[in-house]
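Okay, structure first, notes after.
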Amino acid sequence: MDETSDEPPTSAVLLDNCHFSQVIFNNVEKFYVPGGDVICYYTLTHNIVPRGKDWVGIFRVGWKTTREYYTFMWAPLPSDVHGDTAVQQQIQFKAYYLPKDDEYYQFCYIDQDGMVRGASVPFQFRAETEDDILVVTTQGEVEEIELQNKNLLKENEELQATCASLQKQNTELQEELKKTQKLQNGLESLRRSTEELELELNSLKKENKHLKELDECREAELHQFKEQIQNVTSEKVNLETRLKTALDHMDQLQSQVLNYEKDMDNLVRMDHDKTEQLESLKEENRQLCMTVTQQKEQKKELEHRLENLKGTEANLSLHLQSEQQQNRDLMKELEEQRHLFQMLQAKKNESDEEKQKLREENDTLLRHLSQTRDVSSFSAASQAQAPVPAPEAGCLVFGNPYYGKSTWQSDSIRKCPMCDDIFPEDIEASDYEAHVQSHLLECPLCNETFEKSNQQVFDDHIFCHGLE
């Protein structure tokens with residue numbers, strides 16, 4: 001029955017718990033003519049704080065709860081909501097929504113909690129009649145009216161006394177209300193302080209949680225750095241092992257060089273098929289070149305690993321300042337590695353010098369073969385008596401693997417340079433080469449060959465290919 005679709009806030013609170021003195025209705029007529037708009041005037045006292053959902057309703061006299069309104073209008077908010085002075089307000093009810101009967105109604109101000117804050121005197125919706133202007137009565141009716149007036153006066157006195165008592169109670173209730181409002185204000189202040197403390201506590205909890213997460217991240221980072229240091233240490237140990245193996249291999253090569261030099265002293269005393277000797281020397285030269293190439297690759301691999309270790313050191317030094325002492329120890333170990341590398345470089349230079357001497361020896365042998373062909377008319381006895389000049393000691397780094405002590409027992413036999421097995425001279429060259437090849441390991445990537453006794457060198461060579 002109201003002119004909006006929203007339902008006003010109501011409650012089932014009985015009238016005894018309501019405060020009718022906080023809003024006072026002014027200029028309320030005894031009756032309003034049907035078919036016309038009605039303007040309701042009221043005053044907001046300083047005891048009430050108007051809110052957005054307050055409303056003014058028209059109730060039929062005898063109502064019990066605020067849900068029994070006939071129609072309503074939303075109460076407008078004054079310009080100064082929190083002022084300490086009374087504020088005059090008015091609302092216009094449209095005629096279409098007003099009651100059509102002649103029952104008694106009254107205005108009521110309801111706040112947004114559904115509580116009654118003020119009520120007007122009763123009024124009716126009916127037209128003015130002549131009976132309201134001139135009344136003609138008889139003597140008996142006059143006596144009866146006088147009696148009623150006396151009774152009404154008596155009731156009026158009783159009502160005035162009751163009104164005075166109610167006003168006194170109202171004053172006391174207003175004082176209690178002021179005290180209650182002060183307590184409520186203090187309670188609100190405490191609530192706001194509590195909420196601020198709770199917000200601050202939640203903020204501190206979040207900050208504490210964030211700090212714990214950061215601490216866990218830092219611990220995980222530190223653990224990761226420790227693992228990286230362990231990996232670098234393990235890599236360094238592996239490199240030291242490899243370097244030690246390379247040095248052992250170099251010692252073996254030096255021992256082989258001495259053995260090959262002794263074999264060369266016997267080799268130059270033999271004069272069987274000088275052309276085949278030259279081919280053997282060329283093969284030896286090729287193997288030496290391959291060995292030097294392998295050493296260069298190992299050197300490059302060591303340099304690459306050293307560079308990786310340097311890069312890893314630089315990264316760890318940025319993130320682990322607390323472990324500077326360990327980094328210094330690692331730098332000392334790297335300096336030792338550099339020293340070992342320099343020693344290996346010096347040995348490689350010595351190998352290069354020996355290779356150069358080998359080339360000079362090959363040139364000498366070629367010249368010697370040329371001279372041998374020129375004097376091939378000499379007898380075999382004279383050839384046996386004229387010894388071939390021996391090369392300088394240390395010219396060949398690895399010697400000739402196809403010649404050794406008693407390599408050629410006679411013109412009719414061949415001897416394996418690896419296992420000293422003896423074969424007849426008429427053996428097929430492919431069978432002889434297959435036998436010799438069975439003692440060798442061939443790299444599937446670069447076709448470089450190694451002796452089976454040097455399995456570790458062959459494995460390192462394959463490992464270097466895997467790092468490329």
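To be explicit about the labels: the chains of the structure tokens are called A, B, and onward in the order shown, and within each one the residues are counted from 1, while ligands get numbers from 1 in the order they are shown.
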Mind listing the helix (DSSP H, G or I) residues of segment 75-303 of chain A, per DSSP on the backbone, as a ChimeraX atom specification?
/A:95-97,130-132,139-267,274-303
For Ala119 of chain A, find every residue with an atom within 7 Å (counting only C-alpha atoms), except residues of its own chain fewer than 3 positions away, and show them as a list in words.
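Near neighbours after the sequence-gap exclusion: Phe20, Phe25, Gln106, Phe107, Cys108 and Tyr109 of chain A.
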Between atom CA of Asp363 of chain A and atom CA of Cys289 of chain A, what is the distance, to one decimal in Å?
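Computed distance, atom CA of Asp363 of chain A to atom CA of Cys289 of chain A, equals 16.2 Å.
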Closest atom pairs, segment 80-138 of chain A residues within 8 Å of segment 45-59 of chain A, only C-alpha atoms, as CSV:
```
residue,atom,partner,partner_atom,distance
A:Val81,CA,A:Pro50,CA,6.5
A:His82,CA,A:Val49,CA,6.5
A:Gly83,CA,A:His46,CA,7.2
A:Asp84,CA,A:His46,CA,5.1
A:Thr85,CA,A:His46,CA,5.6
A:Ala86,CA,A:Thr45,CA,4.5
A:Val87,CA,A:Thr45,CA,6.8
A:Tyr105,CA,A:Phe59,CA,5.5
A:Gln106,CA,A:Phe59,CA,5.5
A:Phe107,CA,A:Ile58,CA,4.9
A:Cys108,CA,A:Gly57,CA,5.4
A:Tyr109,CA,A:Val56,CA,4.6
A:Ile110,CA,A:Trp55,CA,5.4
A:Asp111,CA,A:Asp54,CA,4.2
A:Gln112,CA,A:Lys53,CA,4.6
```
Selection to disk with all heavy atoms, as a compact mmCIF listing (two decimals), in the first residue's frame:
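So again.txt came out as:
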```
# COMPACT_ATOMS: atom_id res chain seq x y z
N VAL A 81 22.88 16.08 10.40
CA VAL A 81 22.37 14.84 11.03
C VAL A 81 22.76 14.78 12.50
O VAL A 81 21.97 14.36 13.34
CB VAL A 81 22.93 13.61 10.26
CG1 VAL A 81 22.48 12.32 10.94
CG2 VAL A 81 22.46 13.64 8.82
N HIS A 82 23.99 15.20 12.82
CA HIS A 82 24.50 15.05 14.19
C HIS A 82 24.38 16.35 14.99
O HIS A 82 25.13 16.56 15.95
CB HIS A 82 25.97 14.62 14.16
CG HIS A 82 26.18 13.31 13.45
ND1 HIS A 82 25.87 12.10 14.01
CD2 HIS A 82 26.66 13.06 12.19
CE1 HIS A 82 26.17 11.14 13.17
NE2 HIS A 82 26.65 11.68 12.04
N GLY A 83 23.43 17.24 14.63
CA GLY A 83 23.27 18.47 15.38
C GLY A 83 22.61 18.25 16.73
O GLY A 83 21.94 17.24 16.98
N ASP A 84 22.81 19.22 17.65
CA ASP A 84 22.24 19.11 18.99
C ASP A 84 20.92 19.85 19.13
O ASP A 84 20.32 19.86 20.20
CB ASP A 84 23.24 19.68 20.01
CG ASP A 84 24.52 18.86 20.07
OD1 ASP A 84 24.43 17.64 19.76
OD2 ASP A 84 25.56 19.41 20.42
N THR A 85 20.40 20.45 18.08
CA THR A 85 19.14 21.21 18.14
C THR A 85 18.03 20.44 17.43
O THR A 85 18.30 19.56 16.61
CB THR A 85 19.31 22.58 17.48
OG1 THR A 85 19.70 22.39 16.11
CG2 THR A 85 20.39 23.39 18.19
N ALA A 86 16.79 20.77 17.76
CA ALA A 86 15.64 20.13 17.14
C ALA A 86 15.52 20.57 15.68
O ALA A 86 15.83 21.71 15.33
CB ALA A 86 14.36 20.47 17.90
N VAL A 87 15.04 19.66 14.82
CA VAL A 87 14.94 19.93 13.39
C VAL A 87 13.50 19.70 12.95
O VAL A 87 12.90 18.66 13.27
CB VAL A 87 15.90 19.01 12.59
CG1 VAL A 87 15.78 19.30 11.09
CG2 VAL A 87 17.33 19.21 13.06
N TYR A 105 -6.81 6.94 12.82
CA TYR A 105 -5.42 6.61 12.46
C TYR A 105 -4.49 7.59 13.17
O TYR A 105 -4.94 8.60 13.72
CB TYR A 105 -5.21 6.71 10.94
CG TYR A 105 -5.99 5.67 10.16
CD1 TYR A 105 -7.30 5.90 9.73
CD2 TYR A 105 -5.38 4.45 9.85
CE1 TYR A 105 -7.99 4.94 9.02
CE2 TYR A 105 -6.08 3.50 9.12
CZ TYR A 105 -7.37 3.74 8.71
OH TYR A 105 -8.05 2.78 8.00
N GLN A 106 -3.21 7.28 13.13
CA GLN A 106 -2.20 8.18 13.71
C GLN A 106 -0.87 8.01 12.96
O GLN A 106 -0.58 6.96 12.40
CB GLN A 106 -2.02 7.91 15.22
CG GLN A 106 -1.46 6.55 15.52
CD GLN A 106 -1.31 6.31 17.02
OE1 GLN A 106 -1.46 5.21 17.47
NE2 GLN A 106 -1.03 7.35 17.80
N PHE A 107 -0.06 9.09 12.98
CA PHE A 107 1.28 9.05 12.40
C PHE A 107 2.25 8.45 13.41
O PHE A 107 2.18 8.76 14.61
CB PHE A 107 1.77 10.46 12.03
CG PHE A 107 0.94 11.14 10.98
CD1 PHE A 107 0.22 12.30 11.28
CD2 PHE A 107 0.88 10.64 9.69
CE1 PHE A 107 -0.54 12.94 10.33
CE2 PHE A 107 0.11 11.28 8.73
CZ PHE A 107 -0.61 12.42 9.04
N CYS A 108 3.22 7.62 12.93
CA CYS A 108 4.27 7.05 13.78
C CYS A 108 5.61 7.14 13.05
O CYS A 108 5.70 6.86 11.84
CB CYS A 108 3.98 5.58 14.13
SG CYS A 108 2.56 5.36 15.20
N TYR A 109 6.65 7.56 13.79
CA TYR A 109 8.02 7.63 13.25
C TYR A 109 8.76 6.36 13.66
O TYR A 109 8.91 6.09 14.87
CB TYR A 109 8.74 8.88 13.76
CG TYR A 109 10.08 9.12 13.11
CD1 TYR A 109 10.20 10.00 12.03
CD2 TYR A 109 11.24 8.49 13.56
CE1 TYR A 109 11.42 10.23 11.42
CE2 TYR A 109 12.46 8.72 12.96
CZ TYR A 109 12.55 9.59 11.88
OH TYR A 109 13.76 9.81 11.28
N ILE A 110 9.25 5.57 12.68
CA ILE A 110 9.93 4.29 12.94
C ILE A 110 11.37 4.41 12.43
O ILE A 110 11.61 4.86 11.30
CB ILE A 110 9.25 3.11 12.21
CG1 ILE A 110 7.71 3.20 12.38
CG2 ILE A 110 9.78 1.79 12.71
CD1 ILE A 110 7.24 3.09 13.81
N ASP A 111 12.37 4.04 13.30
CA ASP A 111 13.77 4.09 12.83
C ASP A 111 14.10 2.82 12.04
O ASP A 111 13.26 1.93 11.87
CB ASP A 111 14.72 4.27 14.02
CG ASP A 111 14.67 3.09 14.99
OD1 ASP A 111 14.05 2.05 14.65
OD2 ASP A 111 15.23 3.20 16.09
N GLN A 112 15.34 2.75 11.55
CA GLN A 112 15.70 1.64 10.66
C GLN A 112 15.89 0.32 11.42
O GLN A 112 16.07 -0.74 10.80
CB GLN A 112 16.99 1.96 9.88
CG GLN A 112 18.26 1.97 10.71
CD GLN A 112 19.48 2.21 9.83
OE1 GLN A 112 19.36 2.67 8.70
NE2 GLN A 112 20.67 1.91 10.37
```
What separation in Å, quoted to one decimal, exists between atom CA of Ile91 of chain A and atom CA of Arg126 of chain A?
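Rounded to one decimal, the two atoms are 20.5 Å apart.
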Who sits within 12 Å of His19 of chain A, only C-alpha atoms, same chain under 4 positions skipped, as a list in words
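Within the cut-off, the hits are Val13, Leu14, Leu15, Val23, Ile24, Asn47, Ile48, Cys108, Tyr109, Ile110, Asp111, Gly114, Met115, Val116, Arg117, Gly118, Ala119, Leu166, Gln169, Asn170, Thr171, Leu173, Gln174 and Leu177 of chain A.
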Measuring atom to atom with only C-alpha atoms, identify which of A:Leu239, A:Phe341, A:Glu360, A:Cys416 is nearest to Glu433 of chain A.
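Closest candidate: A:Cys416.
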Out of A:Val436, A:Leu320, A:Val457, A:Leu467, which residue has the shortest atom-to-atom distance to Asp420 of chain A when counting only C-alpha atoms?
A:Val436
Within segment 45-263 of chain A, find each residue whose DSSP state, derived from the backbone, is strand (DSSP E), and express the selection as a PyMOL selection string.
chain A and resi 55-60+69-74+87-93+104-110+116-119+123-125
Using only C-alpha atoms, which protein or nucleic acid residues come within 12 Å of Cys446 of chain A? Drop anything in the same chain fewer than 5 positions from it, and give the result as a list in words.
Met290, Thr293, Gln294, Leu441, His461, Ile462, Cys464 and His465 of chain A
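Among the candidate residues A:Gln89, A:Asn202, A:Thr10, A:Gln254, the one lying nearest to Thr66 of chain A is A:Thr10, with distances computed using only C-alpha atoms.
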Can you pull out every residue within 12 Å of Glu335 of chain A, counting only C-alpha atoms, but drop anything in the same chain fewer than 4 positions away, and send it as a list of chain:residue names?
A:Lys236, A:Leu306, A:Leu309, A:Lys310, A:Arg328, A:Asp329, A:Leu330, A:Met331, A:His339, A:Leu340, A:Phe341, A:Gln342
Just to confirm, what's the straight-line distance from atom CA of Lys332 of chain A to atom CA of Thr233 of chain A in Å (one decimal)?
12.7 Å
Could you list, as a list in words, every residue within 9 Å of segment 249-253 of chain A, counting only C-alpha atoms and ignoring same-chain residues fewer than 4 positions away?
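Skipping anything fewer than 4 positions along the chain leaves Lys244, Thr245, Val257, Leu258, Lys347, Val397, Phe398, Asn454, Gln456 and Val457 of chain A.
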